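Chemist: What follows is the file final_16.txt, containing compact mmCIF, C-alpha atoms:
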```
# COMPACT_ATOMS: atom_id res chain seq x y z
CA MET A 903 123.27 136.12 108.04
CA GLU A 904 120.18 135.58 105.88
CA LEU A 905 121.55 132.21 104.72
CA THR A 906 121.87 131.13 108.36
CA TYR A 907 118.29 132.20 109.06
CA LEU A 908 117.00 130.40 105.97
CA ARG A 909 118.87 127.23 106.94
CA THR A 910 117.33 127.39 110.41
CA PHE A 911 113.87 127.98 108.93
CA CYS A 912 114.22 124.94 106.63
CA GLU A 913 115.40 122.78 109.54
CA VAL A 914 112.45 123.78 111.76
CA ALA A 915 110.07 123.13 108.86
CA ALA A 916 111.63 119.69 108.33
CA CYS A 917 111.71 118.75 112.03
CA GLY A 918 108.44 120.37 113.03
CA SER A 919 110.11 121.49 116.24
CA TYR A 920 112.38 124.28 117.52
CA ILE A 921 114.00 121.84 119.95
CA LYS A 922 114.83 119.20 117.33
CA ALA A 923 116.08 121.85 114.89
CA ALA A 924 118.33 123.29 117.60
CA GLU A 925 119.77 119.82 118.30
CA ARG A 926 120.48 119.18 114.62
CA LEU A 927 122.05 122.59 114.07
CA GLY A 928 123.98 122.66 117.32
CA TYR A 929 122.29 125.84 118.55
CA ALA A 930 120.52 126.79 121.74
CA GLN A 931 116.73 126.75 121.34
CA SER A 932 116.65 130.49 122.09
CA SER A 933 119.00 131.08 119.16
CA VAL A 934 116.66 129.19 116.80
CA THR A 935 113.66 131.18 118.04
CA SER A 936 115.57 134.44 117.61
CA GLN A 937 116.68 133.59 114.07
CA ILE A 938 113.13 132.75 113.00
CA ALA A 939 111.88 136.02 114.51
CA LYS A 940 114.52 138.00 112.60
CA LEU A 941 113.66 136.17 109.35
CA GLU A 942 109.97 136.93 109.84
CA GLU A 943 110.88 140.58 110.44
CA MET A 944 112.92 140.66 107.23
CA TYR A 945 110.08 139.19 105.14
CA GLY A 946 107.29 140.99 107.00
CA ALA A 947 105.27 137.82 107.53
CA VAL A 948 104.71 135.04 110.07
CA LEU A 949 106.45 131.98 108.63
CA LEU A 950 105.82 129.30 111.28
CA GLU A 951 102.86 128.54 113.50
CA ARG A 952 102.14 126.02 116.23
CA VAL A 953 99.80 123.18 115.29
CA GLY A 954 99.29 120.69 118.12
CA ARG A 955 102.70 120.06 119.65
CA GLY A 956 104.68 120.93 116.54
CA MET A 957 105.59 123.87 114.34
CA THR A 958 104.44 124.01 110.73
CA PRO A 959 104.94 126.60 107.96
CA THR A 960 102.16 129.14 107.50
CA PHE A 961 100.80 129.95 104.04
CA ALA A 962 103.62 132.50 103.66
CA GLY A 963 106.14 129.99 105.04
CA LYS A 964 105.08 127.35 102.53
CA GLY A 965 105.60 129.90 99.77
CA LEU A 966 109.10 130.74 101.02
CA LEU A 967 110.24 127.16 101.69
CA PRO A 968 111.08 126.02 98.11
CA TYR A 969 112.93 129.29 97.46
CA ALA A 970 114.85 128.94 100.72
CA ARG A 971 115.91 125.42 99.80
CA GLN A 972 117.04 126.51 96.34
CA ILE A 973 118.97 129.48 97.75
CA LEU A 974 120.81 127.17 100.18
CA ALA A 975 121.46 124.62 97.42
CA LEU A 976 122.85 127.31 95.11
CA SER A 977 125.05 128.58 97.94
CA GLU A 978 126.51 125.08 98.39
CA GLU A 979 126.96 124.76 94.63
CA ALA A 980 128.76 128.12 94.52
CA LYS A 981 131.09 126.98 97.31
CA GLY A 982 131.88 123.93 95.22
CA VAL A 983 132.72 126.04 92.18
CA VAL A 984 134.97 128.36 94.19
CA SER A 985 136.75 125.51 95.98
CA GLY A 986 137.13 123.47 92.81
CA GLY A 987 134.50 121.06 94.07
CA TYR A 988 136.65 119.44 96.75
CA LYS A 989 134.89 120.91 99.79
CA GLY A 990 131.27 121.26 100.86
CA GLN A 991 128.40 118.86 101.36
CA LEU A 992 127.03 115.97 99.34
CA VAL A 993 123.41 115.04 100.09
CA ILE A 994 122.05 111.73 98.78
CA GLY A 995 118.39 110.83 98.97
CA ALA A 996 117.95 107.05 99.03
CA ILE A 997 115.27 104.49 99.69
CA GLU A 998 115.78 102.66 102.99
CA THR A 999 117.13 99.42 101.53
CA LEU A 1000 119.79 101.23 99.47
CA ALA A 1001 120.70 103.54 102.36
CA ALA A 1002 121.25 100.49 104.58
CA TYR A 1003 122.70 97.84 102.27
CA TYR A 1004 124.12 99.50 99.15
CA LEU A 1005 125.54 102.88 100.10
CA PRO A 1006 127.67 102.47 103.28
CA HIS A 1007 130.73 100.75 101.76
CA ARG A 1008 130.66 103.00 98.69
CA LEU A 1009 130.38 106.14 100.81
CA HIS A 1010 133.30 104.97 102.94
CA LEU A 1011 135.49 104.69 99.84
CA TYR A 1012 134.36 108.10 98.61
CA ARG A 1013 134.96 109.67 102.04
CA THR A 1014 138.53 108.36 101.96
CA ALA A 1015 139.14 110.14 98.64
CA TYR A 1016 137.33 113.36 99.66
CA PRO A 1017 137.73 113.89 103.42
CA ASP A 1018 136.64 117.55 103.21
CA ILE A 1019 133.22 116.74 101.78
CA ARG A 1020 130.46 116.16 104.34
CA LEU A 1021 128.20 113.25 103.42
CA ARG A 1022 124.52 113.20 104.32
CA VAL A 1023 122.04 110.44 103.47
CA GLN A 1024 118.31 111.28 103.50
CA PRO A 1025 116.14 108.12 103.55
CA GLY A 1026 112.70 108.41 101.98
CA SER A 1027 110.21 106.98 99.53
CA GLU A 1028 110.92 107.14 95.80
CA THR A 1029 108.43 110.00 95.38
CA GLU A 1030 110.10 111.96 98.20
CA ILE A 1031 113.56 111.36 96.75
CA ILE A 1032 112.61 112.54 93.26
CA ALA A 1033 111.00 115.65 94.77
CA ALA A 1034 114.11 116.33 96.89
CA VAL A 1035 116.38 116.11 93.83
CA ARG A 1036 114.07 118.44 91.90
CA ASP A 1037 113.90 121.08 94.65
CA LYS A 1038 117.65 120.72 95.30
CA THR A 1039 117.41 119.53 98.90
CA ALA A 1040 119.34 116.47 97.68
CA ASP A 1041 122.22 116.50 95.20
CA PHE A 1042 121.58 112.94 94.04
CA GLY A 1043 118.88 110.34 94.46
CA LEU A 1044 119.12 106.56 94.57
CA ILE A 1045 116.00 104.63 93.61
CA PHE A 1046 115.17 101.01 92.85
CA ASP A 1047 112.57 100.68 90.13
CA GLU A 1048 111.84 100.08 86.48
CA PRO A 1049 113.85 102.38 84.17
CA PHE A 1050 113.03 105.94 85.25
CA GLU A 1051 112.62 108.63 82.59
CA SER A 1052 112.26 112.37 83.08
CA GLU A 1053 112.68 115.52 81.00
CA ASP A 1054 114.55 117.36 83.75
CA LEU A 1055 116.46 114.57 85.50
CA VAL A 1056 119.30 112.31 84.42
CA SER A 1057 118.78 108.66 85.34
CA LEU A 1058 121.83 106.39 85.33
CA PRO A 1059 121.24 102.64 85.75
CA LEU A 1060 123.87 101.27 88.13
CA ARG A 1061 122.93 97.62 88.59
CA GLU A 1062 120.03 95.38 87.66
CA GLU A 1063 118.76 93.37 90.62
CA SER A 1064 116.62 90.26 90.95
CA LEU A 1065 113.67 90.04 93.34
CA PHE A 1066 113.15 87.05 95.63
CA VAL A 1067 110.53 85.42 97.82
CA VAL A 1068 112.32 85.19 101.18
CA MET A 1069 111.51 82.48 103.74
CA HIS A 1070 112.91 80.63 106.73
CA LEU A 1071 115.09 77.53 106.29
CA GLY A 1072 112.39 75.03 107.22
CA HIS A 1073 109.73 76.40 104.88
CA ALA A 1074 107.89 73.91 102.66
CA TYR A 1075 108.92 75.89 99.55
CA ALA A 1076 112.57 76.32 100.55
CA SER A 1077 113.89 73.62 98.21
CA GLN A 1078 112.04 74.85 95.12
CA SER A 1079 113.88 76.49 92.23
CA GLU A 1080 111.08 79.06 91.86
CA ILE A 1081 107.79 80.02 93.50
CA ASN A 1082 104.54 80.19 91.56
CA PRO A 1083 102.46 83.27 92.48
CA ALA A 1084 99.49 80.99 93.21
CA GLN A 1085 101.50 79.38 96.02
CA LEU A 1086 101.54 82.71 97.86
CA ALA A 1087 97.74 82.69 98.17
CA VAL A 1088 97.99 80.88 101.51
CA GLU A 1089 101.17 82.60 102.72
CA PRO A 1090 101.15 85.25 105.45
CA LEU A 1091 103.17 88.04 103.83
CA VAL A 1092 105.56 90.37 105.62
CA LEU A 1093 106.03 93.38 103.36
CA THR A 1094 107.54 96.84 103.15
CA GLU A 1095 105.43 100.01 103.31
CA ASP A 1096 102.88 100.71 100.56
CA THR A 1097 105.10 103.32 98.84
CA CYS A 1098 107.65 100.62 97.98
CA THR A 1099 108.00 99.94 94.25
CA TYR A 1100 108.86 96.24 94.45
CA ARG A 1101 106.10 95.57 96.98
CA ASN A 1102 103.61 97.07 94.51
CA HIS A 1103 105.14 94.99 91.73
CA LEU A 1104 104.50 91.80 93.74
CA LEU A 1105 100.91 92.77 94.52
CA HIS A 1106 100.30 93.56 90.84
CA MET A 1107 101.63 90.15 89.81
CA LEU A 1108 99.47 88.39 92.39
CA LYS A 1109 96.40 90.31 91.23
CA GLN A 1110 97.06 89.30 87.61
CA CYS A 1111 97.13 85.66 88.75
CA GLY A 1112 93.86 86.04 90.65
CA VAL A 1113 95.58 85.79 94.05
CA THR A 1114 94.35 87.86 96.98
CA PRO A 1115 97.42 88.42 99.17
CA GLY A 1116 97.30 87.91 102.92
CA ILE A 1117 99.40 90.77 104.27
CA ASP A 1118 99.99 89.97 107.93
CA MET A 1119 102.69 92.54 108.72
CA GLU A 1120 104.17 95.71 107.25
CA PHE A 1121 107.52 97.21 108.22
CA GLY A 1122 109.32 100.36 107.16
CA ASN A 1123 112.51 98.70 108.36
CA LEU A 1124 114.19 95.81 106.54
CA GLU A 1125 115.65 94.30 109.68
CA GLY A 1126 112.13 93.99 111.09
CA ILE A 1127 111.06 92.08 107.99
CA LYS A 1128 114.04 89.72 108.21
CA GLN A 1129 113.45 89.05 111.91
CA ALA A 1130 109.80 88.27 111.21
CA VAL A 1131 110.81 85.75 108.53
CA ARG A 1132 113.43 84.16 110.81
CA HIS A 1133 110.78 83.74 113.50
CA ARG A 1134 108.51 82.05 110.93
CA TRP A 1135 105.87 84.76 111.15
CA GLY A 1136 105.60 85.12 107.39
CA THR A 1137 107.20 85.27 103.95
CA ALA A 1138 108.83 88.37 102.45
CA PHE A 1139 109.63 89.76 99.01
CA LEU A 1140 112.95 91.59 98.73
CA PRO A 1141 115.67 92.61 96.24
CA GLY A 1142 118.85 90.57 96.15
CA TYR A 1143 121.14 93.30 97.51
CA ALA A 1144 119.07 93.52 100.72
CA ILE A 1145 119.54 89.83 101.61
CA GLU A 1146 123.03 89.16 100.24
CA GLU A 1147 124.59 88.50 103.66
CA GLU A 1148 121.76 86.20 104.78
CA ARG A 1149 121.94 84.17 101.57
CA GLN A 1150 125.71 83.75 101.92
CA ALA A 1151 125.39 82.84 105.61
CA GLY A 1152 122.53 80.43 104.90
CA SER A 1153 120.27 82.03 107.50
CA LEU A 1154 117.43 82.73 105.05
CA VAL A 1155 116.27 81.16 101.80
CA ALA A 1156 115.62 83.31 98.70
CA VAL A 1157 113.69 81.81 95.79
CA PRO A 1158 112.81 83.63 92.54
CA LEU A 1159 109.16 84.28 91.75
CA ALA A 1160 108.03 82.49 88.57
CA GLY A 1161 106.65 84.42 85.62
CA GLU A 1162 107.71 87.40 83.54
CA HIS A 1163 109.11 90.26 85.59
CA LYS A 1164 109.70 93.90 84.87
CA SER A 1165 113.35 94.89 84.95
CA PHE A 1166 114.23 96.51 88.29
CA SER A 1167 117.53 98.30 88.74
CA ILE A 1168 119.36 100.62 91.12
CA GLN A 1169 119.38 104.06 89.49
CA LEU A 1170 121.17 107.30 90.28
CA ILE A 1171 119.22 110.47 89.48
CA TYR A 1172 120.24 114.14 89.41
CA PRO A 1173 119.12 117.33 87.60
CA LYS A 1174 120.21 117.67 83.99
CA ALA A 1175 120.89 121.36 84.50
CA ARG A 1176 123.12 121.10 87.58
CA TRP A 1177 126.84 121.85 87.51
CA LEU A 1178 128.89 118.79 88.44
CA SER A 1179 132.10 119.46 90.32
CA PRO A 1180 135.07 117.08 89.85
CA ALA A 1181 134.22 115.53 93.23
CA PHE A 1182 130.60 114.98 92.20
CA ARG A 1183 131.72 113.47 88.90
CA ASP A 1184 133.95 111.09 90.83
CA PHE A 1185 131.00 110.16 93.04
CA ILE A 1186 129.02 109.18 89.93
CA LYS A 1187 132.00 107.34 88.46
CA GLY A 1188 132.57 105.44 91.71
CA LEU A 1189 128.97 104.20 91.80
CA GLN A 1190 129.09 103.20 88.13
CA GLU A 1191 132.34 101.27 88.54
CA SER A 1192 131.21 99.49 91.70
```
What is this structure when it is put down as structure tokens?
Modeler:
Amino acid sequence: MELTYLRTFCEVAACGSYIKAAERLGYAQSSVTSQIAKLEEMYGAVLLERVGRGMTPTFAGKGLLPYARQILALSEEAKGVVSGGYKGQLVIGAIETLAAYYLPHRLHLYRTAYPDIRLRVQPGSETEIIAAVRDKTADFGLIFDEPFESEDLVSLPLREESLFVVMHLGHAYASQSEINPAQLAVEPLVLTEDTCTYRNHLLHMLKQCGVTPGIDMEFGNLEGIKQAVRHRWGTAFLPGYAIEEERQAGSLVAVPLAGEHKSFSIQLIYPKARWLSPAFRDFIKGLQES
């Protein structure tokens, strides 16, 4: 039963709410409250406290949380070993663009081969994804960045991707073969959130060229950015995989940014020390082959 209580505790900590945790877990709210109370009795400490309208871990709860996550992750890993790796759960942390435009088709193919494995995608920033892989709340991470190196994580490059200045069809620069960074000095930019690696790459390039960017809008959602560009509210900067359909349909124009660029690629990360079941190995192989 302790595993059940720990799972409930982690869910409440993640949601910040007994109600939301109950909905995710499929329990009654009273059951969630009861499980937390029993866990607190077992550990002899208050683990959650109300702050404003939400619940947050206490000092003791924050100390327990990483251990709870690792215990649950090891339990899932043990199930994989016992079952031969063909049952259980596969959790992938991914940045929003990859979760939306790169993963779905590949996960569908994997799900067909392994119907008894539950698939869960956790969107987040690159920093959050790396942390989730390290503390075992995600089995794998998908990031889009320069080559990532780490002493404790494997990083497999899957595909190198180009970055484009994205604009509406009637834009004055739409017929150009490339865009000079200086031309973006007068452009209203529609960008991703400030944790985005390729956004920061663009701003660094503009700074090197002495350009002060005019950031008119910021979206955490790629569809919002595309709609803003279609409505002629600004110009965006996105990786090729995120605008593949629009380029093929001719609904948006994508032009490379002139100058020397760092190499950005889609990368799969996972702990060097983790045991890889046959199903997990096939997941890696499927991404590499695609």
Chemist: Would you pick out the contacts of segment 937-946 of chain A at 8 Å or less, using only C-alpha atoms, so that residues sharing its chain but fewer than 5 positions from it are not included, and give the list as an mmCIF file with C-alpha atoms, keeping the file's coordinate frame?
Modeler:
```cif
data_model
loop_
_atom_site.group_PDB
_atom_site.id
_atom_site.type_symbol
_atom_site.label_atom_id
_atom_site.label_comp_id
_atom_site.auth_asym_id
_atom_site.auth_seq_id
_atom_site.Cartn_x
_atom_site.Cartn_y
_atom_site.Cartn_z
ATOM 1 C CA GLU A 904 120.180 135.580 105.880
ATOM 2 C CA TYR A 907 118.290 132.200 109.060
ATOM 3 C CA LEU A 908 117.000 130.400 105.970
ATOM 4 C CA THR A 910 117.330 127.390 110.410
ATOM 5 C CA PHE A 911 113.870 127.980 108.930
#
```
Chemist: From (97.6, 89.6, 97.7), in the file's coordinates, out to 12 Å: which residues are reached, counting all atoms listed in the file? Answer as a PyMOL selection string.
Modeler: chain A and resi 1083-1093+1101-1118
Chemist: Could you state the separation of atom CA of Leu1005 of chain A and atom CA of Gly1026 of chain A in Å, given to one decimal place?
Modeler: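 Between these atoms lies a distance of 14.1 Å.
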Chemist: Hey, can you check how far atom CA of Glu1191 of chain A sits from atom CA of Pro1059 of chain A?
Modeler: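 The value is 11.5 Å.
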Chemist: What would the list of residues within 10 Å of (109.9, 87.1, 90.8) (file frame) look like as a ChimeraX atom specification, if only C-alpha atoms are what count?
Modeler: /A:1064-1067,1080-1083,1100,1103-1104,1107,1139-1141,1157-1164
Chemist: Would you compute the distance between atom CA of Gln972 of chain A and atom CA of Gln1190 of chain A? Give it in Å to one decimal.
Modeler: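 Separating atom CA of Gln972 of chain A from atom CA of Gln1190 of chain A is a distance of 27.5 Å.
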Chemist: At a cut-off of 9 Å, using all atoms listed in the file, what residues contact Tyr1003 of chain A? Leave out same-chain residues fewer than 4 positions from it and give the result as JSON, numbers by chain.
Modeler: {"A": [998, 999, 1007, 1143, 1144, 1145, 1146]}
Chemist: Please enclose the listed atoms of segment 1043-1059 of chain A in an axis-aligned box, pad each side by 3 Å, and write out the centre and the three edge lengths in Å, rounded to one decimal, as JSON.
Modeler:
```
{"center_x": 116.8, "center_y": 108.7, "center_z": 87.8, "size_x": 16.0, "size_y": 23.3, "size_z": 19.6}
```
Chemist: Which residues are near Ala1002 of chain A? Cut-off 10 Å, only C-alpha atoms, ignore same chain within fewer than 4 positions. Put them as an NGL selection string.
Modeler: :A and (996-998 or 1006-1007 or 1025 or 1123-1125 or 1144)
